[in-house]
>>> print(open('start-v6.txt').read())   # compact mmCIF, C-alpha atoms
# COMPACT_ATOMS: atom_id res chain seq x y z
CA MET A 274 7.86 215.02 -151.94
CA VAL A 275 10.23 212.18 -151.20
CA THR A 276 14.00 211.92 -151.55
CA ILE A 277 15.61 208.89 -153.19
CA PHE A 278 18.96 207.52 -152.03
CA ARG A 279 20.80 205.15 -154.37
CA ILE A 280 23.59 203.25 -152.64
CA GLY A 281 26.22 202.15 -155.15
CA HIS A 282 27.09 203.49 -158.59
CA ARG A 283 29.95 202.14 -160.68
CA ILE A 284 30.46 204.47 -163.61
CA LYS A 285 31.11 201.73 -166.17
CA ARG A 286 28.61 199.11 -165.19
CA ASP A 287 25.72 201.06 -163.69
CA SER A 288 25.57 204.16 -165.83
CA ARG A 289 22.43 203.24 -167.74
CA THR A 290 20.55 201.68 -164.82
CA THR A 291 21.27 204.66 -162.55
CA THR A 292 20.16 207.01 -165.33
CA HIS A 293 16.88 205.13 -165.66
CA LEU A 294 16.50 205.22 -161.88
CA ALA A 295 16.99 208.98 -161.78
CA LEU A 296 14.48 209.47 -164.60
CA VAL A 297 11.91 207.35 -162.79
CA ALA A 298 12.51 209.36 -159.60
CA ARG A 299 11.93 212.59 -161.53
CA SER A 300 8.94 211.42 -163.61
CA PHE A 301 7.12 209.91 -160.64
CA GLY A 302 7.48 213.04 -158.54
CA ALA A 303 10.50 212.70 -156.24
CA THR A 304 12.08 216.02 -155.32
CA ARG A 305 15.67 214.84 -155.41
CA MET A 306 17.96 211.86 -155.59
CA ILE A 307 21.32 211.36 -153.92
CA ILE A 308 23.73 208.76 -155.20
CA ALA A 309 26.56 207.29 -153.12
CA GLY A 310 29.06 206.12 -155.71
CA ASP A 311 31.40 207.12 -158.52
CA GLU A 312 31.44 210.72 -159.70
CA ASP A 313 29.66 210.73 -163.08
CA LYS A 314 29.51 213.92 -165.12
CA ASN A 315 27.54 212.34 -167.96
CA LEU A 316 24.81 211.22 -165.60
CA LEU A 317 24.49 214.73 -164.15
CA LYS A 318 24.46 216.18 -167.65
CA THR A 319 21.74 213.78 -168.83
CA VAL A 320 19.47 214.68 -165.94
CA ASP A 321 20.14 218.42 -166.44
CA LYS A 322 19.16 218.04 -170.08
CA VAL A 323 15.95 216.21 -169.23
CA ASN A 324 15.07 218.89 -166.67
CA SER A 325 15.59 221.69 -169.13
CA GLU A 326 13.69 219.96 -171.97
CA TRP A 327 10.87 218.38 -169.98
CA GLY A 328 10.64 220.77 -167.04
CA GLY A 329 10.59 220.73 -163.28
CA ASP A 330 13.43 221.13 -160.84
CA PHE A 331 14.41 217.58 -159.88
CA GLN A 332 17.76 217.63 -158.08
CA LEU A 333 20.51 215.03 -158.50
CA GLU A 334 23.62 214.89 -156.32
CA ILE A 335 26.49 212.41 -156.15
CA ILE A 336 28.47 211.81 -152.94
CA PRO A 337 31.42 209.43 -152.44
CA TYR A 338 30.35 205.83 -151.85
CA ASP A 339 31.82 205.72 -148.34
CA GLU A 340 29.53 208.53 -147.24
CA TRP A 341 26.43 206.32 -147.41
CA LYS A 342 26.53 205.59 -143.68
CA ASN A 343 26.92 209.22 -142.60
CA PHE A 344 24.13 210.19 -144.91
CA LEU A 345 21.73 207.63 -143.42
CA GLU A 346 22.73 208.52 -139.86
CA LYS A 347 22.18 212.20 -140.49
CA TRP A 348 18.79 211.46 -142.06
CA LYS A 349 17.72 209.36 -139.10
CA SER A 350 18.88 211.96 -136.59
CA GLU A 351 16.40 214.54 -137.88
CA LYS A 352 12.99 214.75 -136.26
CA ASP A 353 10.15 212.82 -137.94
CA ASN A 354 12.41 211.46 -140.66
CA LYS A 355 11.75 207.93 -141.88
CA ILE A 356 13.47 205.46 -144.20
CA VAL A 357 11.96 202.92 -146.59
CA HIS A 358 14.42 200.44 -148.07
CA LEU A 359 13.28 198.69 -151.24
CA THR A 360 14.58 195.13 -151.23
CA MET A 361 13.32 191.78 -152.45
CA TYR A 362 13.78 190.49 -148.88
CA GLY A 363 11.31 192.96 -147.39
CA GLU A 364 7.60 192.77 -146.70
CA ASN A 365 5.76 192.60 -150.02
CA ILE A 366 3.97 195.87 -150.79
CA PRO A 367 0.40 194.51 -151.01
CA ILE A 368 0.82 193.42 -147.35
CA PHE A 369 2.56 196.65 -146.27
CA GLU A 370 -0.20 198.70 -147.90
CA ARG A 371 -2.71 197.34 -145.42
CA SER A 372 -0.63 198.50 -142.42
CA GLU A 373 -1.39 201.57 -140.37
CA ASP A 374 2.10 202.90 -141.09
CA PHE A 375 1.47 202.99 -144.82
CA ILE A 376 -2.00 204.45 -144.47
CA ASN A 377 -0.52 207.26 -142.36
CA LEU A 378 2.20 207.92 -144.91
CA LYS A 379 -0.43 208.26 -147.64
CA LYS A 380 -2.76 210.37 -145.51
CA GLN A 381 -0.22 213.01 -144.62
CA PRO A 382 1.37 214.10 -147.86
CA LEU A 383 3.45 216.76 -146.14
CA ASN A 384 5.24 214.01 -144.29
CA LEU A 385 6.63 212.69 -147.53
CA SER A 386 9.36 215.32 -147.33
CA HIS A 387 10.55 213.37 -144.30
CA LEU A 388 10.67 210.14 -146.26
CA LEU A 389 13.85 208.69 -147.74
CA ILE A 390 13.54 205.79 -150.16
CA VAL A 391 16.73 203.74 -150.34
CA VAL A 392 17.45 201.63 -153.42
CA GLY A 393 20.54 199.53 -153.69
CA GLY A 394 22.68 198.13 -156.41
CA LYS A 395 23.87 194.58 -156.56
CA LYS A 396 25.45 194.43 -153.12
CA ILE A 397 23.84 196.45 -150.40
CA PRO A 398 25.58 196.71 -147.00
CA GLY A 399 23.73 194.58 -144.42
CA LYS A 400 23.46 197.56 -142.08
CA VAL A 401 21.09 199.34 -144.47
CA PHE A 402 18.37 196.84 -143.50
CA ARG A 403 18.71 198.02 -139.90
CA TYR A 404 18.73 201.75 -140.67
CA ALA A 405 15.43 201.31 -142.50
CA ASP A 406 12.14 201.77 -140.67
CA TRP A 407 10.54 199.53 -143.26
CA ASN A 408 12.14 197.04 -145.65
CA ILE A 409 9.67 196.70 -148.50
CA ALA A 410 9.63 194.35 -151.49
CA ILE A 411 7.98 194.89 -154.85
CA THR A 412 7.36 191.17 -155.27
CA ASN A 413 9.82 188.89 -153.47
CA GLN A 414 11.33 187.96 -156.84
CA PRO A 415 14.47 189.30 -158.51
CA HIS A 416 13.89 192.03 -161.09
CA SER A 417 15.15 195.63 -161.05
CA GLU A 418 15.53 198.61 -158.76
CA VAL A 419 14.14 200.72 -161.63
CA SER A 420 10.80 198.88 -161.65
CA SER A 421 10.69 198.65 -157.85
CA LEU A 422 11.04 202.40 -157.43
CA ALA A 423 8.37 203.12 -160.06
CA VAL A 424 5.82 200.73 -158.56
CA PHE A 425 6.50 201.96 -155.02
CA LEU A 426 6.06 205.64 -155.94
CA ASP A 427 2.91 204.78 -157.90
CA HIS A 428 1.44 203.05 -154.84
CA LEU A 429 2.60 205.72 -152.40
CA THR A 430 1.11 208.77 -154.06
CA SER A 431 -2.12 209.19 -155.93
CA ASP A 432 -0.69 211.42 -158.65
CA ALA A 433 2.68 209.79 -159.41
CA LEU A 434 1.59 209.07 -162.99
CA GLN A 435 0.26 212.55 -163.63
CA ILE A 436 2.86 214.99 -162.36
CA ARG A 437 2.86 218.33 -164.18
CA PHE A 438 6.25 219.89 -164.79
CA SER A 439 6.68 223.63 -164.99
CA ASN A 440 8.98 225.37 -167.46
CA SER A 441 9.15 222.58 -170.03
CA LEU A 442 10.39 223.23 -173.54
CA LYS A 443 8.78 220.03 -174.81
CA GLN A 444 5.45 218.55 -173.92
CA ILE A 445 3.68 215.56 -175.42
CA ILE A 446 0.10 215.60 -176.58
CA PRO A 447 -0.87 212.07 -175.55
CA SER A 448 -2.51 210.01 -178.26
CA ILE A 449 -3.78 206.45 -178.32
CA GLU A 450 -3.02 206.32 -182.04
CA GLY A 451 0.49 207.23 -181.02
CA LYS A 452 1.34 209.86 -183.57
CA LYS A 453 4.34 211.69 -182.21
CA ARG A 454 3.34 215.22 -181.45
CA TYR A 455 4.94 217.85 -179.30
CA ILE A 456 4.06 221.24 -178.09
CA GLY A 457 7.59 222.20 -178.90
CA GLU A 458 9.63 225.16 -177.78
CA LYS A 459 6.77 226.45 -175.71
CA LYS A 460 7.26 227.78 -172.20
CA ASN A 461 4.64 226.28 -169.93
CA GLU A 462 4.28 228.04 -166.61
CA ASN A 463 1.61 225.95 -164.88
CA MET B 251 -1.11 185.55 -169.36
CA VAL B 252 0.39 188.15 -171.66
CA THR B 253 3.34 187.97 -174.02
CA ILE B 254 5.98 190.72 -174.08
CA PHE B 255 7.72 191.77 -177.29
CA ARG B 256 10.91 193.79 -176.99
CA ILE B 257 11.94 195.45 -180.27
CA GLY B 258 15.66 196.12 -180.31
CA HIS B 259 18.50 194.53 -178.38
CA ARG B 260 22.15 195.46 -178.90
CA ILE B 261 24.27 192.96 -177.04
CA LYS B 262 26.81 195.48 -175.75
CA ARG B 263 24.65 198.40 -174.86
CA ASP B 264 21.34 196.87 -173.86
CA SER B 265 22.36 193.71 -172.08
CA ARG B 266 21.55 194.89 -168.57
CA THR B 267 18.36 196.78 -169.45
CA THR B 268 16.97 193.85 -171.44
CA THR B 269 17.83 191.51 -168.56
CA HIS B 270 15.93 193.75 -166.14
CA LEU B 271 13.03 193.88 -168.59
CA ALA B 272 12.89 190.08 -168.84
CA LEU B 273 13.00 189.75 -165.05
CA VAL B 274 10.15 192.23 -164.69
CA ALA B 275 8.14 190.30 -167.30
CA ARG B 276 8.70 187.08 -165.36
CA SER B 277 8.14 188.48 -161.84
CA PHE B 278 4.95 190.32 -162.80
CA GLY B 279 3.41 187.26 -164.43
CA ALA B 280 4.02 187.36 -168.19
CA THR B 281 4.13 183.93 -169.80
CA ARG B 282 6.87 184.71 -172.26
CA MET B 283 8.98 187.40 -173.85
CA ILE B 284 10.27 187.59 -177.39
CA ILE B 285 13.18 189.85 -178.26
CA ALA B 286 13.93 191.08 -181.78
CA GLY B 287 17.64 191.83 -181.70
CA ASP B 288 21.13 190.44 -181.25
CA GLU B 289 21.57 186.81 -180.27
CA ASP B 290 22.64 186.85 -176.59
CA LYS B 291 23.57 183.61 -174.87
CA ASN B 292 24.32 185.27 -171.54
CA LEU B 293 20.87 186.79 -171.41
CA LEU B 294 19.22 183.43 -172.05
CA LYS B 295 21.48 181.83 -169.45
CA THR B 296 20.62 184.46 -166.82
CA VAL B 297 16.90 183.95 -167.30
CA ASP B 298 17.30 180.14 -167.22
CA LYS B 299 19.16 180.46 -163.94
CA VAL B 300 16.49 182.69 -162.41
CA ASN B 301 13.79 180.23 -163.52
CA SER B 302 15.55 177.29 -161.97
CA GLU B 303 16.34 179.08 -158.70
CA TRP B 304 13.14 181.06 -158.25
CA GLY B 305 10.67 178.85 -160.12
CA GLY B 306 8.04 179.08 -162.80
CA ASP B 307 8.33 178.47 -166.52
CA PHE B 308 8.78 181.92 -168.03
CA GLN B 309 9.92 181.58 -171.65
CA LEU B 310 12.46 183.83 -173.35
CA GLU B 311 13.17 183.74 -177.09
CA ILE B 312 15.39 185.87 -179.32
CA ILE B 313 14.65 186.39 -183.01
CA PRO B 314 16.68 188.44 -185.52
CA TYR B 315 15.92 192.17 -185.37
CA ASP B 316 14.55 192.28 -188.92
CA GLU B 317 11.84 189.79 -188.02
CA TRP B 318 9.98 192.33 -185.86
CA LYS B 319 7.57 193.19 -188.64
CA ASN B 320 6.68 189.61 -189.53
CA PHE B 321 6.18 188.84 -185.87
CA LEU B 322 3.73 191.74 -185.41
CA GLU B 323 1.88 190.89 -188.63
CA LYS B 324 1.50 187.28 -187.62
CA TRP B 325 0.25 188.32 -184.19
CA LYS B 326 -2.31 190.67 -185.69
CA SER B 327 -3.51 188.06 -188.17
CA GLU B 328 -4.68 185.73 -185.39
CA LYS B 329 -8.25 185.99 -184.20
CA ASP B 330 -8.90 188.14 -181.11
CA ASN B 331 -5.26 189.11 -180.79
CA LYS B 332 -4.50 192.63 -179.61
CA ILE B 333 -1.39 194.78 -179.24
CA VAL B 334 -0.53 197.36 -176.59
CA HIS B 335 2.53 199.48 -177.33
CA LEU B 336 4.12 201.18 -174.34
CA THR B 337 5.44 204.58 -175.41
CA MET B 338 5.76 207.99 -173.80
CA TYR B 339 3.78 209.39 -176.76
CA GLY B 340 0.70 207.28 -176.01
CA GLU B 341 -2.42 207.92 -173.95
CA ASN B 342 -1.42 208.14 -170.30
CA ILE B 343 -2.53 205.06 -168.35
CA PRO B 344 -4.77 206.83 -165.79
CA ILE B 345 -6.87 208.01 -168.77
CA PHE B 346 -6.75 204.66 -170.61
CA GLU B 347 -7.82 202.87 -167.43
CA ARG B 348 -11.17 204.61 -167.55
CA SER B 349 -11.89 203.36 -171.09
CA GLU B 350 -14.21 200.49 -171.90
CA ASP B 351 -11.36 198.74 -173.74
CA PHE B 352 -9.23 198.57 -170.62
CA ILE B 353 -12.11 197.52 -168.38
CA ASN B 354 -12.85 194.66 -170.80
CA LEU B 355 -9.21 193.57 -170.81
CA LYS B 356 -9.25 193.42 -167.02
CA LYS B 357 -12.61 191.68 -166.82
CA GLN B 358 -11.73 188.81 -169.10
CA PRO B 359 -8.46 187.41 -167.81
CA LEU B 360 -8.47 184.60 -170.37
CA ASN B 361 -8.18 187.21 -173.07
CA LEU B 362 -4.78 188.21 -171.77
CA SER B 363 -3.26 185.31 -173.68
CA HIS B 364 -4.29 187.26 -176.78
CA LEU B 365 -2.48 190.36 -175.60
CA LEU B 366 0.96 191.36 -176.80
CA ILE B 367 2.74 194.18 -174.98
CA VAL B 368 5.37 195.83 -177.15
CA VAL B 369 8.26 197.70 -175.53
CA GLY B 370 10.90 199.41 -177.56
CA GLY B 371 14.45 200.46 -177.13
CA LYS B 372 15.81 203.85 -178.02
CA LYS B 373 14.58 203.97 -181.58
CA ILE B 374 11.32 202.25 -182.35
CA PRO B 375 10.20 201.97 -185.99
CA GLY B 376 7.32 204.40 -186.65
CA LYS B 377 5.17 201.60 -188.03
CA VAL B 378 4.93 200.00 -184.59
CA PHE B 379 2.61 202.82 -183.53
CA ARG B 380 0.22 201.78 -186.29
CA TYR B 381 0.35 198.04 -185.60
CA ALA B 382 -0.71 198.75 -182.01
CA ASP B 383 -4.36 198.74 -181.03
CA TRP B 384 -3.45 201.04 -178.17
CA ASN B 385 -0.38 203.23 -177.65
CA ILE B 386 -0.14 203.71 -173.90
CA ALA B 387 2.17 205.90 -171.84
CA ILE B 388 3.25 205.40 -168.26
CA THR B 389 3.52 209.14 -167.69
CA ASN B 390 4.30 211.21 -170.80
CA GLN B 391 7.81 211.81 -169.45
CA PRO B 392 11.05 210.04 -170.36
CA HIS B 393 12.12 207.27 -167.98
CA SER B 394 12.58 203.57 -168.71
CA GLU B 395 10.94 200.66 -170.49
CA VAL B 396 11.68 198.61 -167.36
CA SER B 397 9.53 200.81 -165.12
CA SER B 398 6.85 201.22 -167.79
CA LEU B 399 6.38 197.48 -168.17
CA ALA B 400 6.21 196.95 -164.40
CA VAL B 401 3.63 199.68 -163.82
CA PHE B 402 1.52 198.55 -166.78
CA LEU B 403 1.42 194.90 -165.65
CA ASP B 404 0.63 196.01 -162.09
CA HIS B 405 -2.34 198.05 -163.36
CA LEU B 406 -3.50 195.38 -165.81
CA THR B 407 -3.76 192.43 -163.45
CA SER B 408 -4.81 192.29 -159.84
CA ASP B 409 -2.17 189.80 -158.76
CA ALA B 410 0.95 191.00 -160.63
CA LEU B 411 2.74 191.67 -157.33
CA GLN B 412 1.85 188.35 -155.78
CA ILE B 413 2.54 185.68 -158.38
CA ARG B 414 3.42 182.28 -156.92
CA PHE B 415 6.09 180.33 -158.75
CA SER B 416 6.11 176.56 -158.72
CA ASN B 417 9.26 174.46 -158.43
CA SER B 418 11.48 177.08 -156.85
CA LEU B 419 14.72 176.15 -155.13
CA LYS B 420 14.80 179.44 -153.25
CA GLN B 421 11.98 181.34 -151.65
CA ILE B 422 12.08 184.43 -149.50
CA ILE B 423 10.33 184.74 -146.17
CA PRO B 424 9.35 188.41 -146.43
CA SER B 425 10.28 190.51 -143.43
CA ILE B 426 9.82 194.18 -142.67
CA GLU B 427 12.95 194.06 -140.51
CA GLY B 428 14.65 192.80 -143.61
CA LYS B 429 16.74 189.98 -142.25
CA LYS B 430 17.71 187.90 -145.22
CA ARG B 431 16.07 184.54 -144.92
CA TYR B 432 15.40 181.83 -147.45
CA ILE B 433 13.58 178.62 -147.56
CA GLY B 434 16.56 177.24 -149.36
CA GLU B 435 16.87 174.14 -151.49
CA LYS B 436 13.24 173.30 -150.95
CA LYS B 437 11.00 172.12 -153.77
CA ASN B 438 7.77 174.04 -153.67
CA GLU B 439 4.99 172.46 -155.69
CA ASN B 440 2.15 174.92 -155.15
>>> encode(input="start-v6.txt", output="structure tokens")
Amino acid sequence: MVTIFRIGHRIKRDSRTTTHLALVARSFGATRMIIAGDEDKNLLKTVDKVNSEWGGDFQLEIIPYDEWKNFLEKWKSEKDNKIVHLTMYGENIPIFERSEDFINLKKQPLNLSHLLIVVGGKKIPGKVFRYADWNIAITNQPHSEVSSLAVFLDHLTSDALQIRFSNSLKQIIPSIEGKKRYIGEKKNEN
Amino acid sequence: MVTIFRIGHRIKRDSRTTTHLALVARSFGATRMIIAGDEDKNLLKTVDKVNSEWGGDFQLEIIPYDEWKNFLEKWKSEKDNKIVHLTMYGENIPIFERSEDFINLKKQPLNLSHLLIVVGGKKIPGKVFRYADWNIAITNQPHSEVSSLAVFLDHLTSDALQIRFSNSLKQIIPSIEGKKRYIGEKKNEN
């Protein structure tokens, strides 16, 4: 599945938002997320803990902020690789969804391993818009990179809301009455 | 359209997450959001600023945390009113979407003014699960109330991603090439 690239992470200010972003990436089926920004041991630890409790093998990696450009150039240099940049300035997703490009992305799920989804913080370098094959908006209104990533992944793949994670210690038994119930401490090898 | 109720807001820790939540509520078409938590002038100011720049008349109100119970009881006491509680312990949305209840909610858009969507913070009082008519999960995995609200509103209404806001000073001309362009300083009365 896809790789997420977060450009910008300031340990003090962004810690919670980047954590939420990583958890969305994991829950909605991304394989890995790379962050260009401050080293952040707590963030790595949080994601490790979620992986070991809730399963799967989502990968998180932090590189120095200044590496963002090299990373994008390397991605672009590899055959068949593509970049989506989520930005409120882009084409709104209900329009993009009707394009041949999007239909092809959805049709060929194997290709998603060639897809990088870039999400920015407050200030995104102008060049990122030009590295992107598609600049896509989730509404052209200001809200949050966390919600944008979730909605995009939900629209991109048919099973984003129903990913099954292997090797989870905890698992919820969903209930409309909402009683909290776990299958706790049970290894689940599906 | 719907009303959002956020239970819990600690001014230091939650300021950014609650701001993102309010912006999602506004962008995806909620009429108003009520927060039970700390008074927060900056939060109110941020939302006011977004309203005046980007348009619409989204309402934000903060009530003391302890009022959450009265608020839910009052909501429930009014005829036809319903409560959805977004929680990772609830029925996952792809399942709920196939239910008659959800189909009726979607069919009768006027009814959405009777719908309260409750989103919690880290610790949600257990009673909230019982006030809710439906406890609904956006995946049964941990991620973020910001992404949960966005995905739920996107699934609930057909136009959540394409709301038009009246009286905006700024408006984006969407572009897949992602050049930043505004219709700036223009009153838009649609």
>>> closest_residue(input="start-v6.txt", among="A:Gln414, A:Lys355, A:Asp330, A:Asn408", to="Tyr432 (chain B)", atoms="only C-alpha atoms")
A:Gln414
>>> atom_distance(input="start-v6.txt", atom1="CA of Phe415 (chain B)", atom2="CA of Val334 (chain B)")
25.5 Å
>>> residues_near_point(input="start-v6.txt", point="(11.7, 212.3, -160.6)", cutoff="10 Å", atoms="all atoms listed in the file", output="number ranges by chain")
A: 274-277, 294-306, 320, 324, 329-333, 423, 426, 433, 436; B: 391, 393
>>> closest_residue(input="start-v6.txt", among="A:Ser350, A:Asn343, A:Ser417, A:Ser431", to="Lys379 (chain A)", atoms="all atoms listed in the file")
A:Ser431
>>> atom_distance(input="start-v6.txt", atom1="CA of Gly428 (chain B)", atom2="CA of His270 (chain B)")
22.6 Å
>>> closest_residue(input="start-v6.txt", among="A:Lys342, A:His428, A:Lys322, A:Lys347", to="Ile376 (chain A)", atoms="only C-alpha atoms")
A:His428
>>> residues_around(input="start-v6.txt", residues="region 308-316 of chain A", least_positions_apart="3", cutoff="8 Å", atoms="all atoms listed in the file", output="list in words")
Phe278, Arg279, Ile280, Gly281, His282, Arg283, Ile284, Ser288, Thr292, Thr319, Val320, Leu333, Glu334, Ile335, Ile336, Pro337, Tyr338, Asp339, Glu340 and Trp341 of chain A
>>> closest_residue(input="start-v6.txt", among="A:Asp406, A:Phe375, A:Gly394, A:Asn365", to="Trp348 (chain A)", atoms="all atoms listed in the file")
A:Asp406
>>> residues_near_point(input="start-v6.txt", point="(-5.5, 195.7, -166.9)", cutoff="10 Å", atoms="all atoms listed in the file", output="PDB file with C-alpha atoms, in the frame of the given file")
ATOM      1  CA  ILE B 343      -2.530 205.060-168.350  1.00  0.00           C
ATOM      2  CA  PHE B 346      -6.750 204.660-170.610  1.00  0.00           C
ATOM      3  CA  GLU B 347      -7.820 202.870-167.430  1.00  0.00           C
ATOM      4  CA  ASP B 351     -11.360 198.740-173.740  1.00  0.00           C
ATOM      5  CA  PHE B 352      -9.230 198.570-170.620  1.00  0.00           C
ATOM      6  CA  ILE B 353     -12.110 197.520-168.380  1.00  0.00           C
ATOM      7  CA  ASN B 354     -12.850 194.660-170.800  1.00  0.00           C
ATOM      8  CA  LEU B 355      -9.210 193.570-170.810  1.00  0.00           C
ATOM      9  CA  LYS B 356      -9.250 193.420-167.020  1.00  0.00           C
ATOM     10  CA  LYS B 357     -12.610 191.680-166.820  1.00  0.00           C
ATOM     11  CA  GLN B 358     -11.730 188.810-169.100  1.00  0.00           C
ATOM     12  CA  PRO B 359      -8.460 187.410-167.810  1.00  0.00           C
ATOM     13  CA  LEU B 362      -4.780 188.210-171.770  1.00  0.00           C
ATOM     14  CA  PHE B 402       1.520 198.550-166.780  1.00  0.00           C
ATOM     15  CA  LEU B 403       1.420 194.900-165.650  1.00  0.00           C
ATOM     16  CA  ASP B 404       0.630 196.010-162.090  1.00  0.00           C
ATOM     17  CA  HIS B 405      -2.340 198.050-163.360  1.00  0.00           C
ATOM     18  CA  LEU B 406      -3.500 195.380-165.810  1.00  0.00           C
ATOM     19  CA  THR B 407      -3.760 192.430-163.450  1.00  0.00           C
ATOM     20  CA  SER B 408      -4.810 192.290-159.840  1.00  0.00           C
TER      21      SER B 408
END
>>> residues_around(input="start-v6.txt", residues="His358 (chain A)", least_positions_apart="5", cutoff="6 Å", atoms="only C-alpha atoms", output="list in words")
Ile390, Val391, Ala405 and Asn408 of chain A
>>> atom_distance(input="start-v6.txt", atom1="CA of Pro392 (chain B)", atom2="CA of Gly328 (chain A)")
11.2 Å
>>> closest_residue(input="start-v6.txt", among="A:Ser386, A:Thr291, A:Thr360, A:Ser420", to="chain B", atoms="all atoms listed in the file")
A:Ser420
>>> build_atoms(input="start-v6.txt", residues="region 378-399 of chain B", atoms="N, CA and C atoms", output="CSV table (one decimal), in the frame of the given file")
chain,number,residue,atom,x,y,z
B,378,VAL,N,5.4,200.7,-185.8
B,378,VAL,CA,4.9,200.0,-184.6
B,378,VAL,C,3.7,200.7,-184.0
B,379,PHE,N,3.7,202.0,-184.0
B,379,PHE,CA,2.6,202.8,-183.5
B,379,PHE,C,1.3,202.4,-184.2
B,380,ARG,N,1.4,202.1,-185.5
B,380,ARG,CA,0.2,201.8,-186.3
B,380,ARG,C,-0.2,200.3,-186.1
B,381,TYR,N,0.7,199.4,-185.9
B,381,TYR,CA,0.4,198.0,-185.6
B,381,TYR,C,-0.4,197.9,-184.3
B,382,ALA,N,-0.1,198.8,-183.4
B,382,ALA,CA,-0.7,198.8,-182.0
B,382,ALA,C,-2.2,199.1,-182.0
B,383,ASP,N,-3.0,198.4,-181.3
B,383,ASP,CA,-4.4,198.7,-181.0
B,383,ASP,C,-4.4,199.9,-180.1
B,384,TRP,N,-3.5,199.9,-179.1
B,384,TRP,CA,-3.4,201.0,-178.2
B,384,TRP,C,-2.0,201.4,-177.9
B,385,ASN,N,-1.7,202.7,-178.1
B,385,ASN,CA,-0.4,203.2,-177.6
B,385,ASN,C,-0.6,203.9,-176.3
B,386,ILE,N,0.1,203.3,-175.3
B,386,ILE,CA,-0.1,203.7,-173.9
B,386,ILE,C,1.2,204.2,-173.3
B,387,ALA,N,1.0,205.3,-172.5
B,387,ALA,CA,2.2,205.9,-171.8
B,387,ALA,C,2.1,205.6,-170.3
B,388,ILE,N,3.2,205.4,-169.7
B,388,ILE,CA,3.2,205.4,-168.3
B,388,ILE,C,3.9,206.7,-167.9
B,389,THR,N,3.1,207.7,-167.7
B,389,THR,CA,3.5,209.1,-167.7
B,389,THR,C,4.0,209.5,-169.1
B,390,ASN,N,3.8,210.8,-169.5
B,390,ASN,CA,4.3,211.2,-170.8
B,390,ASN,C,5.7,211.8,-170.7
B,391,GLN,N,6.4,211.3,-169.7
B,391,GLN,CA,7.8,211.8,-169.4
B,391,GLN,C,8.8,210.7,-169.8
B,392,PRO,N,10.1,211.1,-170.1
B,392,PRO,CA,11.0,210.0,-170.4
B,392,PRO,C,11.5,209.3,-169.1
B,393,HIS,N,11.4,208.0,-169.1
B,393,HIS,CA,12.1,207.3,-168.0
B,393,HIS,C,12.7,206.0,-168.5
B,394,SER,N,12.0,204.8,-168.4
B,394,SER,CA,12.6,203.6,-168.7
B,394,SER,C,11.5,202.6,-169.1
B,395,GLU,N,11.9,201.7,-170.1
B,395,GLU,CA,10.9,200.7,-170.5
B,395,GLU,C,10.7,199.7,-169.4
B,396,VAL,N,11.7,199.6,-168.5
B,396,VAL,CA,11.7,198.6,-167.4
B,396,VAL,C,10.6,199.0,-166.4
B,397,SER,N,10.6,200.3,-166.0
B,397,SER,CA,9.5,200.8,-165.1
B,397,SER,C,8.2,200.8,-165.8
B,398,SER,N,8.1,201.2,-167.1
B,398,SER,CA,6.8,201.2,-167.8
B,398,SER,C,6.2,199.9,-167.8
B,399,LEU,N,7.0,198.8,-168.1
B,399,LEU,CA,6.4,197.5,-168.2
B,399,LEU,C,5.9,197.1,-166.8
